[in-house]
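Dropping final06.pdb in here (PDB, C-alpha atoms):
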ATOM      1  CA  MET A   1      19.987  17.972 -18.153
ATOM      2  CA  GLU A   2      17.891  16.159 -20.725
ATOM      3  CA  SER A   3      19.414  13.162 -22.433
ATOM      4  CA  LYS A   4      19.572  13.715 -26.134
ATOM      5  CA  GLU A   5      23.066  15.124 -26.317
ATOM      6  CA  ALA A   6      24.642  12.431 -24.121
ATOM      7  CA  PRO A   7      23.178   8.936 -24.589
ATOM      8  CA  LEU A   8      23.716   6.508 -21.736
ATOM      9  CA  THR A   9      26.077   3.566 -22.005
ATOM     10  CA  GLY A  10      25.013   0.130 -20.830
ATOM     11  CA  ALA A  11      27.135   0.453 -17.709
ATOM     12  CA  GLU A  12      25.600   3.830 -16.865
ATOM     13  CA  ALA A  13      22.128   2.424 -17.442
ATOM     14  CA  SER A  14      22.895  -0.452 -15.102
ATOM     15  CA  VAL A  15      24.112   1.890 -12.371
ATOM     16  CA  ALA A  16      21.109   4.218 -12.796
ATOM     17  CA  LEU A  17      18.627   1.354 -12.606
ATOM     18  CA  LEU A  18      20.268  -0.266  -9.623
ATOM     19  CA  ASP A  19      20.473   3.095  -7.851
ATOM     20  CA  ALA A  20      16.744   3.697  -8.408
ATOM     21  CA  GLU A  21      15.815   0.254  -7.164
ATOM     22  CA  VAL A  22      17.948   0.686  -4.053
ATOM     23  CA  ALA A  23      16.186   3.995  -3.340
ATOM     24  CA  ARG A  24      12.798   2.326  -3.669
ATOM     25  CA  ALA A  25      13.796  -0.610  -1.468
ATOM     26  CA  ARG A  26      15.128   1.821   1.160
ATOM     27  CA  LEU A  27      11.861   3.750   1.190
ATOM     28  CA  ALA A  28       9.840   0.547   1.524
ATOM     29  CA  ASP A  29      12.100  -0.699   4.330
ATOM     30  CA  HIS A  30      11.521   2.517   6.277
ATOM     31  CA  ILE A  31       7.752   2.153   6.214
ATOM     32  CA  VAL A  32       6.619   0.900   9.603
ATOM     33  CA  THR A  33       3.318   0.195  11.267
ATOM     34  CA  PRO A  34       2.393   2.418  14.231
ATOM     35  CA  SER A  35       2.850   1.006  17.729
ATOM     36  CA  TRP A  36       0.260  -1.600  18.763
ATOM     37  CA  PHE A  37      -1.080  -1.635  15.230
ATOM     38  CA  PHE A  38      -1.579  -5.375  14.730
ATOM     39  CA  ALA A  39      -2.716  -5.960  18.329
ATOM     40  CA  SER A  40      -5.341  -3.225  18.115
ATOM     41  CA  MET A  41      -6.585  -4.396  14.711
ATOM     42  CA  GLY A  42      -6.794  -7.978  15.968
ATOM     43  CA  VAL A  43      -8.782  -6.902  19.023
ATOM     44  CA  ALA A  44     -11.075  -4.677  16.935
ATOM     45  CA  ILE A  45     -11.834  -7.561  14.581
ATOM     46  CA  ALA A  46     -12.387  -9.953  17.485
ATOM     47  CA  VAL A  47     -14.829  -7.452  19.042
ATOM     48  CA  GLN A  48     -16.588  -6.992  15.705
ATOM     49  CA  ILE A  49     -16.988 -10.759  15.183
ATOM     50  CA  ALA A  50     -18.172 -11.308  18.752
ATOM     51  CA  THR A  51     -20.692  -8.471  18.674
ATOM     52  CA  THR A  52     -22.025  -9.541  15.289
ATOM     53  CA  ALA A  53     -22.484 -13.122  16.466
ATOM     54  CA  ALA A  54     -23.972 -12.061  19.798
ATOM     55  CA  GLY A  55     -26.185  -9.476  18.146
ATOM     56  CA  LEU A  56     -27.587 -12.057  15.752
ATOM     57  CA  GLY A  57     -27.917 -14.741  18.440
ATOM     58  CA  ASP A  58     -29.603 -12.402  20.907
ATOM     59  CA  ASP A  59     -31.539 -10.372  18.320
ATOM     60  CA  ALA A  60     -29.741  -7.165  19.336
ATOM     61  CA  PRO A  61     -28.861  -5.110  16.224
ATOM     62  CA  TRP A  62     -27.374  -2.353  18.385
ATOM     63  CA  LEU A  63     -24.591  -4.796  19.350
ATOM     64  CA  ILE A  64     -23.757  -5.330  15.690
ATOM     65  CA  ALA A  65     -23.703  -1.599  15.038
ATOM     66  CA  GLY A  66     -21.500  -1.098  18.104
ATOM     67  CA  GLY A  67     -18.983  -3.673  16.899
ATOM     68  CA  LEU A  68     -18.821  -2.111  13.459
ATOM     69  CA  ALA A  69     -18.304   1.318  15.047
ATOM     70  CA  VAL A  70     -15.417  -0.020  17.148
ATOM     71  CA  PHE A  71     -13.751  -1.505  14.063
ATOM     72  CA  ALA A  72     -14.297   1.636  11.977
ATOM     73  CA  SER A  73     -12.854   3.842  14.747
ATOM     74  CA  VAL A  74      -9.755   1.703  15.302
ATOM     75  CA  ALA A  75      -9.161   1.343  11.548
ATOM     76  CA  GLY A  76      -9.547   5.080  10.972
ATOM     77  CA  ILE A  77      -7.227   6.034  13.810
ATOM     78  CA  GLN A  78      -4.568   3.516  12.807
ATOM     79  CA  LEU A  79      -4.647   4.581   9.150
ATOM     80  CA  ALA A  80      -4.227   8.223  10.175
ATOM     81  CA  ARG A  81      -1.305   7.239  12.440
ATOM     82  CA  PHE A  82       0.270   5.209   9.640
ATOM     83  CA  ARG A  83       0.132   8.183   7.287
ATOM     84  CA  ARG A  84       1.501  10.543   9.928
ATOM     85  CA  VAL A  85       4.357   8.266  11.029
ATOM     86  CA  ASN A  86       5.545   7.379   7.514
ATOM     87  CA  GLY A  87       4.660  10.421   5.426
ATOM     88  CA  VAL A  88       3.232   8.105   2.775
ATOM     89  CA  TRP A  89      -0.100   6.619   1.841
ATOM     90  CA  LEU A  90      -0.187   2.977   0.815
ATOM     91  CA  GLY A  91      -3.408   1.874  -0.851
ATOM     92  CA  GLY A  92      -2.342  -1.762  -0.640
ATOM     93  CA  PHE A  93      -1.856  -1.470   3.112
ATOM     94  CA  ALA A  94      -5.242   0.184   3.607
ATOM     95  CA  SER A  95      -7.169  -2.413   1.664
ATOM     96  CA  ARG A  96      -5.180  -5.607   2.275
ATOM     97  CA  VAL A  97      -4.209  -5.103   5.907
ATOM     98  CA  VAL A  98      -6.796  -2.748   7.394
ATOM     99  CA  LEU A  99      -9.869  -3.716   5.384
ATOM    100  CA  GLY A 100      -8.756  -7.335   5.224
ATOM    101  CA  THR A 101      -8.955  -7.962   1.478
ATOM    102  CA  ALA A 102      -5.798 -10.108   1.567
ATOM    103  CA  THR A 103      -6.728 -13.745   0.951
ATOM    104  CA  ALA A 104      -5.591 -15.021   4.350
ATOM    105  CA  ALA A 105      -7.392 -12.224   6.202
ATOM    106  CA  SER A 106     -10.656 -12.567   4.306
ATOM    107  CA  VAL A 107     -10.712 -16.378   4.544
ATOM    108  CA  SER A 108      -9.875 -16.474   8.267
ATOM    109  CA  TYR A 109     -12.382 -13.698   8.956
ATOM    110  CA  THR A 110     -15.192 -15.407   7.024
ATOM    111  CA  VAL A 111     -14.582 -18.788   8.666
ATOM    112  CA  ALA A 112     -14.340 -17.256  12.162
ATOM    113  CA  LEU A 113     -17.454 -15.111  11.681
ATOM    114  CA  ALA A 114     -19.513 -18.015  10.347
ATOM    115  CA  ALA A 115     -18.370 -20.287  13.183
ATOM    116  CA  ALA A 116     -19.036 -17.596  15.810
ATOM    117  CA  ILE A 117     -22.544 -16.968  14.441
ATOM    118  CA  TRP A 118     -23.250 -20.708  14.442
ATOM    119  CA  ALA A 119     -22.002 -20.921  18.054
ATOM    120  CA  ALA A 120     -24.128 -17.917  19.082
ATOM    121  CA  TYR A 121     -27.297 -19.476  17.647
ATOM    122  CA  GLY A 122     -26.493 -22.580  19.698
ATOM    123  CA  GLY A 123     -25.870 -20.532  22.842
ATOM    124  CA  HIS A 124     -22.214 -21.643  23.067
ATOM    125  CA  TRP A 125     -20.806 -18.330  24.211
ATOM    126  CA  TRP A 126     -17.347 -19.655  25.019
ATOM    127  CA  LEU A 127     -17.122 -20.808  21.395
ATOM    128  CA  VAL A 128     -18.173 -17.337  20.258
ATOM    129  CA  ALA A 129     -15.293 -15.884  22.273
ATOM    130  CA  LEU A 130     -12.879 -18.506  20.941
ATOM    131  CA  TRP A 131     -13.780 -17.989  17.259
ATOM    132  CA  SER A 132     -13.692 -14.229  17.700
ATOM    133  CA  ALA A 133     -10.167 -14.478  19.071
ATOM    134  CA  VAL A 134      -9.173 -16.807  16.212
ATOM    135  CA  GLY A 135     -10.586 -14.343  13.673
ATOM    136  CA  GLY A 136      -8.744 -11.416  15.251
ATOM    137  CA  ALA A 137      -5.469 -13.329  15.411
ATOM    138  CA  GLY A 138      -5.814 -14.474  11.786
ATOM    139  CA  TYR A 139      -6.436 -10.916  10.652
ATOM    140  CA  ALA A 140      -3.408  -9.598  12.551
ATOM    141  CA  LEU A 141      -1.107 -12.385  11.329
ATOM    142  CA  SER A 142      -2.232 -11.840   7.746
ATOM    143  CA  GLY A 143      -1.383  -8.142   8.091
ATOM    144  CA  GLY A 144       2.140  -8.912   9.289
ATOM    145  CA  ARG A 145       2.588 -11.330   6.413
ATOM    146  CA  TRP A 146       1.459  -8.700   3.911
ATOM    147  CA  MET A 147       4.036  -6.223   5.229
ATOM    148  CA  ARG A 148       6.833  -8.735   4.630
ATOM    149  CA  THR A 149       5.505  -9.468   1.140
ATOM    150  CA  TYR A 150       5.301  -5.753   0.393
ATOM    151  CA  ARG A 151       8.926  -5.144   1.412
ATOM    152  CA  GLY A 152      10.009  -7.972  -0.902
ATOM    153  CA  ASP A 153       8.397  -6.330  -3.954
ATOM    154  CA  PRO A 154       6.968  -2.902  -3.071
ATOM    155  CA  ALA A 155       5.970  -1.907  -6.595
ATOM    156  CA  ALA A 156       3.780  -4.967  -7.007
ATOM    157  CA  HIS A 157       1.914  -4.476  -3.742
ATOM    158  CA  ALA A 158       1.730  -0.726  -3.149
ATOM    159  CA  ARG A 159      -1.600  -0.175  -4.796
ATOM    160  CA  GLY A 160      -4.818  -1.486  -3.339
ATOM    161  CA  GLU A 161      -8.156  -2.236  -4.859
ATOM    162  CA  SER A 162     -10.018   0.595  -6.542
ATOM    163  CA  LEU A 163     -12.500   2.662  -4.559
ATOM    164  CA  ALA A 164     -15.311   1.263  -6.709
ATOM    165  CA  TRP A 165     -14.323  -2.310  -5.826
ATOM    166  CA  LEU A 166     -14.101  -1.482  -2.114
ATOM    167  CA  ALA A 167     -17.489   0.280  -2.206
ATOM    168  CA  LEU A 168     -19.021  -2.754  -3.917
ATOM    169  CA  ALA A 169     -17.506  -5.177  -1.405
ATOM    170  CA  THR A 170     -18.634  -3.024   1.545
ATOM    171  CA  ALA A 171     -22.146  -2.767   0.128
ATOM    172  CA  ALA A 172     -22.265  -6.552  -0.376
ATOM    173  CA  ALA A 173     -21.052  -7.203   3.187
ATOM    174  CA  LEU A 174     -23.541  -4.771   4.715
ATOM    175  CA  SER A 175     -26.362  -6.237   2.609
ATOM    176  CA  GLY A 176     -25.487  -9.735   3.803
ATOM    177  CA  LEU A 177     -25.441  -8.535   7.393
ATOM    178  CA  ALA A 178     -28.784  -6.778   6.954
ATOM    179  CA  LEU A 179     -30.283  -9.997   5.576
ATOM    180  CA  LEU A 180     -28.984 -11.930   8.570
ATOM    181  CA  VAL A 181     -30.468  -9.364  10.969
ATOM    182  CA  LEU A 182     -33.832  -9.371   9.199
ATOM    183  CA  ASN A 183     -33.977 -13.172   9.222
ATOM    184  CA  ALA A 184     -32.804 -13.532  12.815
TER     185      ALA A 184
ATOM    186  CA  MET B   1      13.746  -1.109 -29.530
ATOM    187  CA  ALA B   2      12.436   1.030 -26.682
ATOM    188  CA  GLU B   3      13.685   4.607 -26.412
ATOM    189  CA  LEU B   4      14.960   6.382 -23.352
ATOM    190  CA  ASP B   5      12.610   9.039 -22.035
ATOM    191  CA  GLU B   6      14.400  12.379 -22.044
ATOM    192  CA  HIS B   7      12.445  13.451 -18.970
ATOM    193  CA  LEU B   8      13.675  10.503 -16.932
ATOM    194  CA  VAL B   9      17.349  10.329 -17.830
ATOM    195  CA  ALA B  10      18.474  12.476 -14.886
ATOM    196  CA  PRO B  11      19.300   9.952 -12.113
ATOM    197  CA  ALA B  12      17.358  11.912  -9.488
ATOM    198  CA  ARG B  13      14.217  11.800 -11.623
ATOM    199  CA  LEU B  14      14.540   8.072 -12.221
ATOM    200  CA  ARG B  15      15.034   7.538  -8.482
ATOM    201  CA  LEU B  16      12.057   9.770  -7.687
ATOM    202  CA  MET B  17       9.729   8.040 -10.145
ATOM    203  CA  THR B  18      10.889   4.562  -9.106
ATOM    204  CA  MET B  19      10.422   5.417  -5.432
ATOM    205  CA  LEU B  20       6.894   6.597  -6.110
ATOM    206  CA  THR B  21       5.991   3.150  -7.468
ATOM    207  CA  ALA B  22       6.391   1.866  -3.893
ATOM    208  CA  VAL B  23       3.595   4.044  -2.517
ATOM    209  CA  SER B  24       0.251   5.487  -3.514
ATOM    210  CA  GLU B  25       1.461   8.956  -2.582
ATOM    211  CA  ALA B  26       4.266  10.460  -0.531
ATOM    212  CA  GLU B  27       4.711  13.678   1.383
ATOM    213  CA  PHE B  28       7.234  16.196   0.027
ATOM    214  CA  ALA B  29       9.669  16.054   2.966
ATOM    215  CA  THR B  30       9.642  12.255   2.971
ATOM    216  CA  VAL B  31      10.625  12.202  -0.699
ATOM    217  CA  ARG B  32      13.218  14.935  -0.226
ATOM    218  CA  GLU B  33      14.894  13.035   2.611
ATOM    219  CA  ALA B  34      14.792   9.745   0.731
ATOM    220  CA  LEU B  35      16.406  11.345  -2.319
ATOM    221  CA  ASP B  36      18.803  13.414  -0.198
ATOM    222  CA  VAL B  37      18.228  16.589  -2.217
ATOM    223  CA  SER B  38      17.275  20.142  -1.320
ATOM    224  CA  ASP B  39      13.760  21.574  -1.442
ATOM    225  CA  SER B  40      14.570  23.581  -4.533
ATOM    226  CA  VAL B  41      16.096  20.664  -6.440
ATOM    227  CA  LEU B  42      13.119  18.438  -5.665
ATOM    228  CA  SER B  43      10.677  21.215  -6.595
ATOM    229  CA  LYS B  44      12.469  21.695  -9.895
ATOM    230  CA  HIS B  45      12.303  17.993 -10.782
ATOM    231  CA  LEU B  46       8.675  17.779  -9.688
ATOM    232  CA  GLY B  47       7.772  20.818 -11.741
ATOM    233  CA  ALA B  48       9.334  19.292 -14.851
ATOM    234  CA  LEU B  49       7.672  15.916 -14.306
ATOM    235  CA  GLU B  50       4.324  17.504 -13.519
ATOM    236  CA  GLU B  51       4.530  19.546 -16.699
ATOM    237  CA  VAL B  52       4.709  16.381 -18.804
ATOM    238  CA  GLY B  53       1.981  14.742 -16.729
ATOM    239  CA  TYR B  54       4.136  12.125 -14.995
ATOM    240  CA  VAL B  55       3.435  13.169 -11.407
ATOM    241  CA  ARG B  56       0.584  14.841  -9.612
ATOM    242  CA  ARG B  57       0.878  17.186  -6.634
ATOM    243  CA  HIS B  58      -1.825  18.210  -4.219
ATOM    244  CA  LYS B  59      -1.834  20.256  -1.061
ATOM    245  CA  GLY B  60      -2.539  18.499   2.190
ATOM    246  CA  VAL B  61      -1.629  18.409   5.862
ATOM    247  CA  HIS B  62       1.090  16.371   7.511
ATOM    248  CA  ARG B  63       1.858  16.499  11.242
ATOM    249  CA  GLY B  64      -0.333  19.555  11.556
ATOM    250  CA  ARG B  65       1.294  21.665   8.860
ATOM    251  CA  ARG B  66       0.429  22.277   5.251
ATOM    252  CA  THR B  67       2.515  20.311   2.820
ATOM    253  CA  THR B  68       2.500  18.763  -0.638
ATOM    254  CA  TRP B  69       1.646  15.169  -1.448
ATOM    255  CA  ILE B  70       3.107  13.616  -4.587
ATOM    256  CA  SER B  71       1.967  10.635  -6.632
ATOM    257  CA  LEU B  72       2.641   8.989  -9.989
ATOM    258  CA  THR B  73       0.047   9.401 -12.707
ATOM    259  CA  PRO B  74      -0.926   6.472 -14.976
ATOM    260  CA  ARG B  75       0.938   8.254 -17.761
ATOM    261  CA  GLY B  76       4.025   8.554 -15.565
ATOM    262  CA  ARG B  77       3.821   4.871 -14.693
ATOM    263  CA  GLN B  78       3.691   3.936 -18.379
ATOM    264  CA  ALA B  79       6.583   6.270 -19.169
ATOM    265  CA  LEU B  80       8.660   4.723 -16.385
ATOM    266  CA  ILE B  81       7.966   1.197 -17.639
ATOM    267  CA  ALA B  82       9.053   2.190 -21.156
ATOM    268  CA  HIS B  83      12.167   3.965 -19.854
ATOM    269  CA  VAL B  84      13.194   1.017 -17.680
ATOM    270  CA  THR B  85      12.687  -1.311 -20.650
ATOM    271  CA  ALA B  86      15.015   0.883 -22.697
ATOM    272  CA  LEU B  87      17.582   0.873 -19.874
ATOM    273  CA  GLN B  88      17.422  -2.911 -19.693
ATOM    274  CA  GLU B  89      17.990  -3.173 -23.420
ATOM    275  CA  LEU B  90      21.092  -1.011 -23.019
ATOM    276  CA  ILE B  91      22.268  -3.237 -20.175
ATOM    277  CA  ASP B  92      21.680  -6.337 -22.284
ATOM    278  CA  GLU B  93      24.092  -4.945 -24.859
ATOM    279  CA  ILE B  94      26.962  -5.032 -22.355
ATOM    280  CA  PRO B  95      29.356  -7.862 -23.343
ATOM    281  CA  LEU B  96      29.030 -10.833 -21.002
ATOM    282  CA  GLU B  97      32.528 -10.529 -19.579
ATOM    283  CA  ARG B  98      31.655  -7.056 -18.240
ATOM    284  CA  THR B  99      29.058  -8.262 -15.816
ATOM    285  CA  ALA B 100      26.501  -5.652 -14.791
ATOM    286  CA  PRO B 101      25.428  -5.264 -11.169
ATOM    287  CA  PRO B 102      22.690  -7.767 -10.301
ATOM    288  CA  ARG B 103      19.248  -6.687 -11.419
ATOM    289  CA  ARG B 104      16.292  -6.988  -9.119
ATOM    290  CA  SER B 105      12.802  -7.666 -10.331
ATOM    291  CA  GLY B 106      10.079  -5.066 -10.012
ATOM    292  CA  ALA B 107      11.479  -1.947 -11.657
ATOM    293  CA  ARG B 108       9.293  -2.675 -14.648
ATOM    294  CA  ARG B 109       6.207  -1.651 -12.737
TER     295      ARG B 109
END
Target format C-alpha cells, applied to this file:
Amino acid sequence: MESKEAPLTGAEASVALLDAEVARARLADHIVTPSWFFASMGVAIAVQIATTAAGLGDDAPWLIAGGLAVFASVAGIQLARFRRVNGVWLGGFASRVVLGTATAASVSYTVALAAAIWAAYGGHWWLVALWSAVGGAGYALSGGRWMRTYRGDPAAHARGESLAWLALATAAALSGLALLVLNA
Amino acid sequence: MAELDEHLVAPARLRLMTMLTAVSEAEFATVREALDVSDSVLSKHLGALEEVGYVRRHKGVHRGRRTTWISLTPRGRQALIAHVTALQELIDEIPLERTAPPRRSGARR
C-alpha cells in the first residue's frame, strides 16, 4: 500500500489532490448550525448587553451576572448541539461565532455595549434596548458571514484562537467589567 | 524538490488527512461516512497514521454513546503540507497540453 514501489504520475497526483479537496469541501458543506442558532445567540447577546448597561446604570451587579449567565448558558447549549448535530468540533466556529472574536462581531459588540452603557447612565432606556438589539443583530449577522467564509476555505478557518488567548481575552473583559462596576 | 510521504500516498489516507484540516476534530462515524469506507478500513488507516504521529484519537461520547474522536497532530499537518507540495510539483511537470483538473487553493494547509 505504501508508495515506494509505484511512484505517482502527474496525472495521478492531480486526481488524488482534487479528490481530497472535494472530500474536504463536501465535509465543510455538510456542517450546519443547529436550529435557531443565530437567533438565540443574537438574543443572548442583546440580553447580556442590556443587563450589563442596566446593571451599571442602576448599580445592580446581580443584573450583570444574570446577563452573563444567560449568555454562557445559551452558548454552552448551542455548542453542544453543534457538536452533536455535525459530529465535528470546529475551534474557529466556537471562538469566532460563539465567543465573538471575529472582527465584525467584536467591533459591533463593543460599539453597542459602549453606546448602551452611555444610554443607561443618561437614563435613556429605550436607547439601551435599541443598542442591545443592534449588538445582538450584529453578532448574529457576523456569525452567518463567518460560516460562508469558512465554507469557501475550510482549512484556513477551521482552527480558532488558542485556549491561552481566549483565557487572556476573557480575563481582560471581566477585569474591565469589574472596574466599571467598582467605579459605578 | 519535495518528496511524497509514503504514509499518505494511499488516496483514502490523503482524503482523510485533508478532510481533517477542515475541522478541529471529527467523530469516527462522521469520518467513515464522509470517506465511504468500512469501520475496519478506517481503523486500519487511522492506526497507521497514529503510529507515525499524524493523527490523534481519543475516546468520547457522541449522541449518548461512546465513540472515538479524531484530529490531526501538528506533525501530521506538516507532513500533509509537504506531501501536497510534492504532489503539486508532480502536477507541474505535466506538459501544458495535458491540462490537469483545476486546482483549488487551500490544500496546502
**Study point:** Distance query Asp39 (chain B) at most 9 Å, all atoms listed in the file, self and fewer than 3 positions along chain excluded, as a count of residues only
**Key:** 6
Check your understanding: Residues at most 10 Å from region 46-54 of chain B, counting only C-alpha atoms, excluding those fewer than 4 positions away in the same chain, as number ranges by chain?
Key -> B: 7-8, 13, 16-17, 28, 40-42, 70-80
Review point. Applied to the shown file, which residues does the ChimeraX specification (/A :<7) & /B return, written as a ChimeraX atom specification?
Key: /B:6-7,9-11,14-15,18-19,21-27,30,34,62-63,87,90-91,93-94,100-101,103,106-107,109
Exercise for review: Enumerate, as a ChimeraX atom specification, the residues matched when the PyMOL selection byres ((chain A and resi 36) around 12) is run on the file above.
Suggested key: /A:32-35,37-44,74,77-78,81-82,140
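Atom pair CA of Gly57 (chain A) / CA of Ser108 (chain A) has a distance of 20.8 Å (rounded to one decimal).
Between CA of Ala12 (chain B) and CA of Glu33 (chain B) the separation is 12.4 Å.
Between CA of Ile45 (chain A) and CA of Gly64 (chain B) lies a distance of 29.6 Å.
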Working from the structure I just supplied, which lacks atoms in region 142-155 of chain A, can you model N, CA and C atoms there and output them as a PDB file, in the coordinates of the input?
ATOM      1  N   SER A 142      -2.196 -12.090   9.195  1.00  0.00           N
ATOM      2  CA  SER A 142      -2.232 -11.840   7.746  1.00  0.00           C
ATOM      3  C   SER A 142      -1.640 -10.468   7.424  1.00  0.00           C
ATOM      4  N   GLY A 143      -1.933  -9.488   8.290  1.00  0.00           N
ATOM      5  CA  GLY A 143      -1.383  -8.142   8.091  1.00  0.00           C
ATOM      6  C   GLY A 143       0.133  -8.130   8.164  1.00  0.00           C
ATOM      7  N   GLY A 144       0.680  -8.835   9.148  1.00  0.00           N
ATOM      8  CA  GLY A 144       2.140  -8.912   9.289  1.00  0.00           C
ATOM      9  C   GLY A 144       2.772  -9.583   8.082  1.00  0.00           C
ATOM     10  N   ARG A 145       2.086 -10.610   7.590  1.00  0.00           N
ATOM     11  CA  ARG A 145       2.588 -11.330   6.413  1.00  0.00           C
ATOM     12  C   ARG A 145       2.583 -10.405   5.189  1.00  0.00           C
ATOM     13  N   TRP A 146       1.540  -9.602   5.060  1.00  0.00           N
ATOM     14  CA  TRP A 146       1.459  -8.700   3.911  1.00  0.00           C
ATOM     15  C   TRP A 146       2.617  -7.691   3.946  1.00  0.00           C
ATOM     16  N   MET A 147       2.937  -7.197   5.127  1.00  0.00           N
ATOM     17  CA  MET A 147       4.036  -6.223   5.229  1.00  0.00           C
ATOM     18  C   MET A 147       5.350  -6.827   4.743  1.00  0.00           C
ATOM     19  N   ARG A 148       5.595  -8.078   5.088  1.00  0.00           N
ATOM     20  CA  ARG A 148       6.833  -8.735   4.630  1.00  0.00           C
ATOM     21  C   ARG A 148       6.804  -8.916   3.111  1.00  0.00           C
ATOM     22  N   THR A 149       5.634  -9.296   2.591  1.00  0.00           N
ATOM     23  CA  THR A 149       5.505  -9.468   1.140  1.00  0.00           C
ATOM     24  C   THR A 149       5.723  -8.139   0.425  1.00  0.00           C
ATOM     25  N   TYR A 150       5.159  -7.089   0.988  1.00  0.00           N
ATOM     26  CA  TYR A 150       5.301  -5.753   0.393  1.00  0.00           C
ATOM     27  C   TYR A 150       6.771  -5.354   0.324  1.00  0.00           C
ATOM     28  N   ARG A 151       7.512  -5.549   1.408  1.00  0.00           N
ATOM     29  CA  ARG A 151       8.926  -5.144   1.412  1.00  0.00           C
ATOM     30  C   ARG A 151       9.728  -5.938   0.384  1.00  0.00           C
ATOM     31  N   GLY A 152       9.315  -7.159   0.091  1.00  0.00           N
ATOM     32  CA  GLY A 152      10.009  -7.972  -0.902  1.00  0.00           C
ATOM     33  C   GLY A 152       9.823  -7.446  -2.321  1.00  0.00           C
ATOM     34  N   ASP A 153       8.673  -6.849  -2.604  1.00  0.00           N
ATOM     35  CA  ASP A 153       8.397  -6.330  -3.954  1.00  0.00           C
ATOM     36  C   ASP A 153       7.397  -5.175  -3.831  1.00  0.00           C
ATOM     37  N   PRO A 154       7.886  -4.014  -3.376  1.00  0.00           N
ATOM     38  CA  PRO A 154       6.968  -2.902  -3.071  1.00  0.00           C
ATOM     39  C   PRO A 154       6.133  -2.435  -4.252  1.00  0.00           C
ATOM     40  N   ALA A 155       6.716  -2.427  -5.442  1.00  0.00           N
ATOM     41  CA  ALA A 155       5.970  -1.907  -6.595  1.00  0.00           C
ATOM     42  C   ALA A 155       4.753  -2.769  -6.918  1.00  0.00           C
TER      43      ALA A 155
END
